[in-house]
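Enquirer: Starting off with a structure, shown below.
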Amino acid sequence: MHISSSTIICVCASPFTADEASNYGNAYRRKYNMKCVTWIFELLGTDKFRACSRIRVLAGLRLPHKVHTWATSSGHIIHDDFPDTHLRANIQSHCYKLPCSWKTFILHMLGWALSLDMDSLPYINPKNDRRVALITAGNSGIGYFTVLHLYLHGYVVYIAGRSKTRGMKSIENLKKEAKHTAGRYSRPERLSRFFGELHFLEMDLSSLASVLEAVAHFITCEKNLNLLINNAGNSFLPYTTTPDGFELQLQTNYVAPFLLTTKLLPLMEKTVDFYPEAGPPRIIYITSVTHRFVLRYFNLSTRFHYRPNALFTWIRYALAKTAGIHFMKMLALRNPRLICASVQPGIVMSTNYFAYWTRLPIIGILFWCLFQLFSFIFGTSIEKGAQAVFKCCVDPALTPRNNSGSHYDLFKETLPASVASNMDYAAQSWIWTTHQLEKRNIEFS
Ligand SMILES: NC(=O)c1ccc[n+]([C@@H]2O[C@H](COP(=O)([O-])OP(=O)(O)OC[C@H]3O[C@@H](n4cnc5c(N)ncnc54)[C@H](OP(=O)(O)O)[C@@H]3O)[C@@H](O)[C@H]2O)c1
């Protein structure tokens, strides 16, 4: 079979039929105007693909003469099942070469990354399977859409936020939006699919006391916690310290999520035994591509309180996000029964991520134009960013053994920057944080 540079390969697992597969392939061919080759093969005894209700896509990237880069929506290829030995060898030698090639990276940055078929991810009936999720900041941006999908898929979601008014307003909007989305379900689906529940939990990450209060309250409300998403964070702000004495971005992006997570760990560990049928609980941390700006390790006490702020605020933010990735790696090591992962949701300009800069008087308009241009070239949509987070939260293919401690760039498992990947640095970040919290009379078991 000739594979040219303009070939898309679709790989479908049985039990799907050839017609279903080629329909899917044709949709891609039309979209990208490329030739499409479809393989169907048996995955006997493998439940990774069987677990989903729809065809999993596939390789949607342009292929050079040999299979050079490879992506599936699940992020995995079961290469041993590949029918062609030559291709299999190529896949083995190339597809796990991370990070991905420049070509893939550019396509990805240009927004070509595949979006996800949300209905392919498992739906839970909350009437007999009460899975509880807690997300920090679900009232805006990426968090909002992540909550929407969790709610549509039957989760009981607690939205932790610092403003009750904004939180309650977003719950109202989410309920309306869920009803609207459910309008496109078929009649039998509408009768059998129930939404989850939405609750608000007051928590201000810039105050450690507020985090502890919220945890104490949450523990009285729920007996299990299946999913914790550390999504909230401040970005690119001028240098400020919190009442707890940390730099604001470091506290909201790293120290407070660290405290929240470690305080909820006993409940999550209990959930493993109490609720085994729900699978291992997951802890997801939302990080950012800017963590790559950290070219060498800095002790987290380094404040970077220098001018110009426009430069050093990025470094402070990047440092906090690097520490967040370290945190997930350490948690994965210490808690082998859970799945802990960090996710980069892409560059999403339509949230409040750059709000500080775009709201500056007069010059803010310039920043707005600049960011819009940047977004046009490199950005991705909120929806796609939230899909990447949601996939990590519920994808049944992820296991503690194979995926805990992993890092995802949108839908693709990848390696974070070398400082973030380094386990010695991860241990140093952990020790620094526990000492800092102990200094503030916060104890750890
Ligand atoms: N957008 C991107 O391109 C991008 C890229 C990489 C990573 N991320 C990360 O993705 C996450 C979500 O960001 P986003 O893009 O959706 O931006 P966003 O709309 O600004 O969301 C940030 C959320 O964090 C909350 N928050 C900030 N400080 C808080 C505090 N002290 N206590 C409690 N909540 C607080 C905000 O709550 P309020 O509504 O009360 O302000 C807001 O809901 C962040 O961690 C961000 O770093 C975003």
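To be explicit about the labels: the chains of the structure tokens are called A, B, and onward in the order shown, and within each one the residues are counted from 1, while ligands get numbers from 1 in the order they are shown.
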Step by step, measure atom-to-atom distances between ligand 1 and each residue using only C-alpha atoms and all ligand atoms, keep those at most 8 Å, then write them as an mmCIF file with C-alpha atoms, in the first residue's frame.

Expert:
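For reference, result22.cif as written:
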data_model
loop_
_atom_site.group_PDB
_atom_site.id
_atom_site.type_symbol
_atom_site.label_atom_id
_atom_site.label_comp_id
_atom_site.auth_asym_id
_atom_site.auth_seq_id
_atom_site.Cartn_x
_atom_site.Cartn_y
_atom_site.Cartn_z
ATOM 1 C CA THR A 136 -11.453 24.958 41.609
ATOM 2 C CA ALA A 137 -12.887 27.840 39.585
ATOM 3 C CA GLY A 138 -15.581 26.328 37.449
ATOM 4 C CA ASN A 139 -17.330 29.648 37.095
ATOM 5 C CA SER A 140 -15.383 30.918 34.101
ATOM 6 C CA GLY A 141 -13.092 29.995 31.220
ATOM 7 C CA ILE A 142 -11.819 26.466 30.769
ATOM 8 C CA GLY A 143 -13.228 25.409 34.150
ATOM 9 C CA TYR A 144 -16.755 26.398 33.131
ATOM 10 C CA ALA A 160 -14.959 25.907 44.386
ATOM 11 C CA GLY A 161 -14.703 29.652 43.931
ATOM 12 C CA ARG A 162 -14.093 32.870 45.778
ATOM 13 C CA SER A 163 -17.356 34.587 44.872
ATOM 14 C CA ARG A 166 -20.494 34.475 40.493
ATOM 15 C CA MET A 203 -12.869 28.883 48.661
ATOM 16 C CA ASP A 204 -10.342 31.639 48.096
ATOM 17 C CA LEU A 205 -6.983 30.218 47.092
ATOM 18 C CA SER A 206 -5.187 33.369 48.162
ATOM 19 C CA SER A 207 -6.026 32.439 51.769
ATOM 20 C CA ASN A 230 -6.900 22.004 40.279
ATOM 21 C CA ASN A 231 -7.902 24.497 37.632
ATOM 22 C CA ALA A 232 -7.975 27.933 39.291
ATOM 23 C CA GLY A 233 -5.042 30.242 39.011
ATOM 24 C CA ASN A 234 -3.900 33.796 38.552
ATOM 25 C CA SER A 235 -1.757 34.669 35.614
ATOM 26 C CA THR A 252 -3.009 30.398 43.772
ATOM 27 C CA ASN A 253 -1.348 28.197 41.158
ATOM 28 C CA ILE A 286 -3.979 22.440 34.867
ATOM 29 C CA THR A 287 -0.597 23.667 33.872
ATOM 30 C CA SER A 288 0.634 25.818 31.013
ATOM 31 C CA VAL A 289 3.040 25.695 28.105
ATOM 32 C CA THR A 290 4.810 28.657 29.748
ATOM 33 C CA LYS A 321 3.199 25.913 36.943
ATOM 34 C CA GLN A 344 -1.807 21.862 29.219
ATOM 35 C CA PRO A 345 -5.073 23.129 27.733
ATOM 36 C CA GLY A 346 -3.422 24.943 24.808
ATOM 37 C CA ILE A 347 -3.398 28.711 24.371
ATOM 38 C CA VAL A 348 -6.914 29.986 24.953
ATOM 39 C CA MET A 349 -7.181 33.734 24.574
ATOM 40 C CA SER A 350 -10.920 34.014 25.050
ATOM 41 C CA THR A 351 -10.790 33.498 28.830
ATOM 42 C CA ASN A 352 -9.702 35.991 31.492
ATOM 43 C CA TYR A 353 -6.197 34.572 31.294
ATOM 44 C CA PHE A 354 -4.658 37.810 29.973
ATOM 45 C CA ALA A 355 -7.313 40.079 31.501
ATOM 46 C CA GLY A 379 -4.657 29.697 19.831
ATOM 47 C CA ILE A 382 -12.047 27.179 25.164
#

Enquirer: Excluding same-chain residues fewer than 3 positions from Tyr275 of chain A, what lies within 10 Å of it counting only C-alpha atoms, as a PDB file with N, CA and C atoms, in the first residue's frame?

Expert:
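The new file selection03.pdb reads:
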ATOM      1  N   ASP A 129     -24.945   5.687  40.511  1.00  0.00           N
ATOM      2  CA  ASP A 129     -23.481   5.759  40.546  1.00  0.00           C
ATOM      3  C   ASP A 129     -23.093   7.215  40.865  1.00  0.00           C
ATOM      4  N   ARG A 130     -22.940   7.496  42.163  1.00  0.00           N
ATOM      5  CA  ARG A 130     -22.721   8.897  42.554  1.00  0.00           C
ATOM      6  C   ARG A 130     -21.219   9.204  42.589  1.00  0.00           C
ATOM      7  N   ARG A 131     -20.722   9.709  41.467  1.00  0.00           N
ATOM      8  CA  ARG A 131     -19.295  10.075  41.412  1.00  0.00           C
ATOM      9  C   ARG A 131     -19.159  11.566  41.652  1.00  0.00           C
ATOM     10  N   LYS A 223     -19.024  11.545  51.112  1.00  0.00           N
ATOM     11  CA  LYS A 223     -18.277  10.406  51.649  1.00  0.00           C
ATOM     12  C   LYS A 223     -17.176   9.954  50.693  1.00  0.00           C
ATOM     13  N   ASN A 224     -17.270  10.412  49.468  1.00  0.00           N
ATOM     14  CA  ASN A 224     -16.248  10.026  48.500  1.00  0.00           C
ATOM     15  C   ASN A 224     -15.893  11.205  47.587  1.00  0.00           C
ATOM     16  N   LEU A 225     -14.678  11.140  47.048  1.00  0.00           N
ATOM     17  CA  LEU A 225     -14.248  12.142  46.069  1.00  0.00           C
ATOM     18  C   LEU A 225     -13.519  11.385  44.963  1.00  0.00           C
ATOM     19  N   ASN A 226     -14.121  11.384  43.774  1.00  0.00           N
ATOM     20  CA  ASN A 226     -13.552  10.609  42.673  1.00  0.00           C
ATOM     21  C   ASN A 226     -12.642  11.423  41.778  1.00  0.00           C
ATOM     22  N   MET A 268      -9.773  10.644  49.270  1.00  0.00           N
ATOM     23  CA  MET A 268      -9.622   9.994  47.959  1.00  0.00           C
ATOM     24  C   MET A 268      -9.098   8.572  48.127  1.00  0.00           C
ATOM     25  N   LYS A 270      -9.679   6.734  50.690  1.00  0.00           N
ATOM     26  CA  LYS A 270     -10.819   5.968  51.211  1.00  0.00           C
ATOM     27  C   LYS A 270     -11.761   5.594  50.060  1.00  0.00           C
ATOM     28  N   THR A 271     -11.873   6.499  49.096  1.00  0.00           N
ATOM     29  CA  THR A 271     -12.763   6.254  47.952  1.00  0.00           C
ATOM     30  C   THR A 271     -12.324   5.011  47.172  1.00  0.00           C
ATOM     31  N   VAL A 272     -11.008   4.772  47.114  1.00  0.00           N
ATOM     32  CA  VAL A 272     -10.513   3.604  46.370  1.00  0.00           C
ATOM     33  C   VAL A 272     -11.141   2.326  46.946  1.00  0.00           C
ATOM     34  N   ALA A 278     -15.905   2.464  40.758  1.00  0.00           N
ATOM     35  CA  ALA A 278     -15.773   3.747  40.042  1.00  0.00           C
ATOM     36  C   ALA A 278     -14.371   3.927  39.459  1.00  0.00           C
ATOM     37  N   GLY A 279     -13.486   2.983  39.718  1.00  0.00           N
ATOM     38  CA  GLY A 279     -12.125   3.107  39.199  1.00  0.00           C
ATOM     39  C   GLY A 279     -11.306   4.030  40.092  1.00  0.00           C
ATOM     40  N   PRO A 280     -10.004   4.119  39.835  1.00  0.00           N
ATOM     41  CA  PRO A 280      -9.146   4.919  40.710  1.00  0.00           C
ATOM     42  C   PRO A 280      -9.497   6.400  40.659  1.00  0.00           C
ATOM     43  N   PRO A 281      -9.565   7.065  41.815  1.00  0.00           N
ATOM     44  CA  PRO A 281      -9.808   8.508  41.799  1.00  0.00           C
ATOM     45  C   PRO A 281      -8.682   9.233  41.059  1.00  0.00           C
TER      46      PRO A 281
END

Enquirer: Restricting the calculation to only C-alpha atoms, which member of A:Lys263, A:Leu437, A:Ser429, A:Glu189 is positioned closest to Glu213 of chain A?

Expert: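 Ranked by minimum distance to Glu213 of chain A, first place goes to A:Lys263.
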
Enquirer: Would you please work out which residue, of A:Leu370, A:Arg296, A:Phe145, A:Phe411, is nearest to Asp395 of chain A when using only C-alpha atoms?

Expert: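 Comparing A:Leu370, A:Arg296, A:Phe145, A:Phe411 against Asp395 of chain A, the winner is A:Phe411.
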
Enquirer: Could you give me, as a PyMOL selection string, the residues within 12 Å of Asn403 of chain A, counting only C-alpha atoms and dropping anything in the same chain fewer than 3 positions from it?

Expert: chain A and resi 74-76+280+282-284+328-329+332-333+336-342+392-393+395-400+406-408+412-414

Enquirer: Go ahead and save the residues from that selection, with C-alpha atoms, as a PDB file, in the first residue's frame.

Expert:
ATOM      1  CA  SER A  74      -6.987   8.178  23.321  1.00  0.00           C
ATOM      2  CA  GLY A  75      -3.316   8.999  22.987  1.00  0.00           C
ATOM      3  CA  HIS A  76      -2.458   5.334  22.674  1.00  0.00           C
ATOM      4  CA  PRO A 280      -9.146   4.919  40.710  1.00  0.00           C
ATOM      5  CA  ARG A 282      -7.997  11.155  39.732  1.00  0.00           C
ATOM      6  CA  ILE A 283      -6.185  14.353  40.505  1.00  0.00           C
ATOM      7  CA  ILE A 284      -5.734  16.671  37.547  1.00  0.00           C
ATOM      8  CA  MET A 328       1.641  15.667  40.234  1.00  0.00           C
ATOM      9  CA  LYS A 329       4.784  13.579  39.718  1.00  0.00           C
ATOM     10  CA  ALA A 332       1.881   9.741  41.575  1.00  0.00           C
ATOM     11  CA  LEU A 333       4.936   8.271  43.249  1.00  0.00           C
ATOM     12  CA  PRO A 336       0.087   4.527  43.453  1.00  0.00           C
ATOM     13  CA  ARG A 337      -3.631   3.815  43.763  1.00  0.00           C
ATOM     14  CA  LEU A 338      -4.603   7.193  42.250  1.00  0.00           C
ATOM     15  CA  ILE A 339      -4.171   8.734  38.810  1.00  0.00           C
ATOM     16  CA  CYS A 340      -2.385  12.083  38.988  1.00  0.00           C
ATOM     17  CA  ALA A 341      -1.737  14.028  35.794  1.00  0.00           C
ATOM     18  CA  SER A 342      -1.020  17.526  34.541  1.00  0.00           C
ATOM     19  CA  CYS A 392      -7.972  13.255  31.327  1.00  0.00           C
ATOM     20  CA  CYS A 393     -10.691  13.268  33.972  1.00  0.00           C
ATOM     21  CA  ASP A 395     -10.917   8.503  29.893  1.00  0.00           C
ATOM     22  CA  PRO A 396     -11.282   4.832  30.925  1.00  0.00           C
ATOM     23  CA  ALA A 397      -8.039   3.960  29.131  1.00  0.00           C
ATOM     24  CA  LEU A 398      -5.944   5.738  31.775  1.00  0.00           C
ATOM     25  CA  THR A 399      -4.582   3.584  34.586  1.00  0.00           C
ATOM     26  CA  PRO A 400      -2.479   4.415  37.663  1.00  0.00           C
ATOM     27  CA  SER A 406       1.932  11.851  33.025  1.00  0.00           C
ATOM     28  CA  HIS A 407       1.734  15.193  31.352  1.00  0.00           C
ATOM     29  CA  TYR A 408      -0.720  15.966  28.532  1.00  0.00           C
ATOM     30  CA  LYS A 412      -1.507  14.026  23.598  1.00  0.00           C
ATOM     31  CA  GLU A 413       0.721  12.593  26.258  1.00  0.00           C
ATOM     32  CA  THR A 414       4.025  14.375  26.081  1.00  0.00           C
TER      33      THR A 414
END

Enquirer: Which is closest to Ala318 of chain A among A:Leu264, A:Leu250, A:Leu148, A:Ile442, if we use only C-alpha atoms?

Expert: A:Leu250

Enquirer: Within 8 Å of Phe236 of chain A, counting only C-alpha atoms, which residues qualify if same-chain residues fewer than 5 places away don't, as JSON, numbers by chain?

Expert: {"A": [249, 310, 313, 314, 317, 354, 356]}

Enquirer: Only N, CA and C atoms, please: the residues just picked out, written as a compact mmCIF listing (two decimals), in the first residue's frame.

Expert:
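Final output, selection_1.txt:
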# COMPACT_ATOMS: atom_id res chain seq x y z
N GLN A 249 0.84 34.58 42.64
CA GLN A 249 0.70 33.55 41.58
C GLN A 249 1.18 32.19 42.08
N ALA A 310 6.55 43.06 33.10
CA ALA A 310 6.05 42.35 31.91
C ALA A 310 6.88 41.10 31.63
N THR A 313 6.81 38.69 35.53
CA THR A 313 5.53 38.06 35.90
C THR A 313 5.38 36.71 35.18
N TRP A 314 5.91 36.62 33.94
CA TRP A 314 5.85 35.35 33.20
C TRP A 314 6.70 34.31 33.92
N TYR A 317 4.97 33.08 37.05
CA TYR A 317 3.86 32.19 36.67
C TYR A 317 4.41 30.82 36.22
N PHE A 354 -5.51 36.63 30.18
CA PHE A 354 -4.66 37.81 29.97
C PHE A 354 -5.38 39.09 30.40
N TYR A 356 -5.55 40.99 32.94
CA TYR A 356 -4.84 42.09 33.57
C TYR A 356 -4.27 43.03 32.49

Enquirer: So which one's closest to Leu212 of chain A, A:Thr433, A:Thr261, A:Glu197, A:Pro276? Using only C-alpha atoms, please.

Expert: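 Of all the options, A:Thr261 lies closest to Leu212 of chain A.
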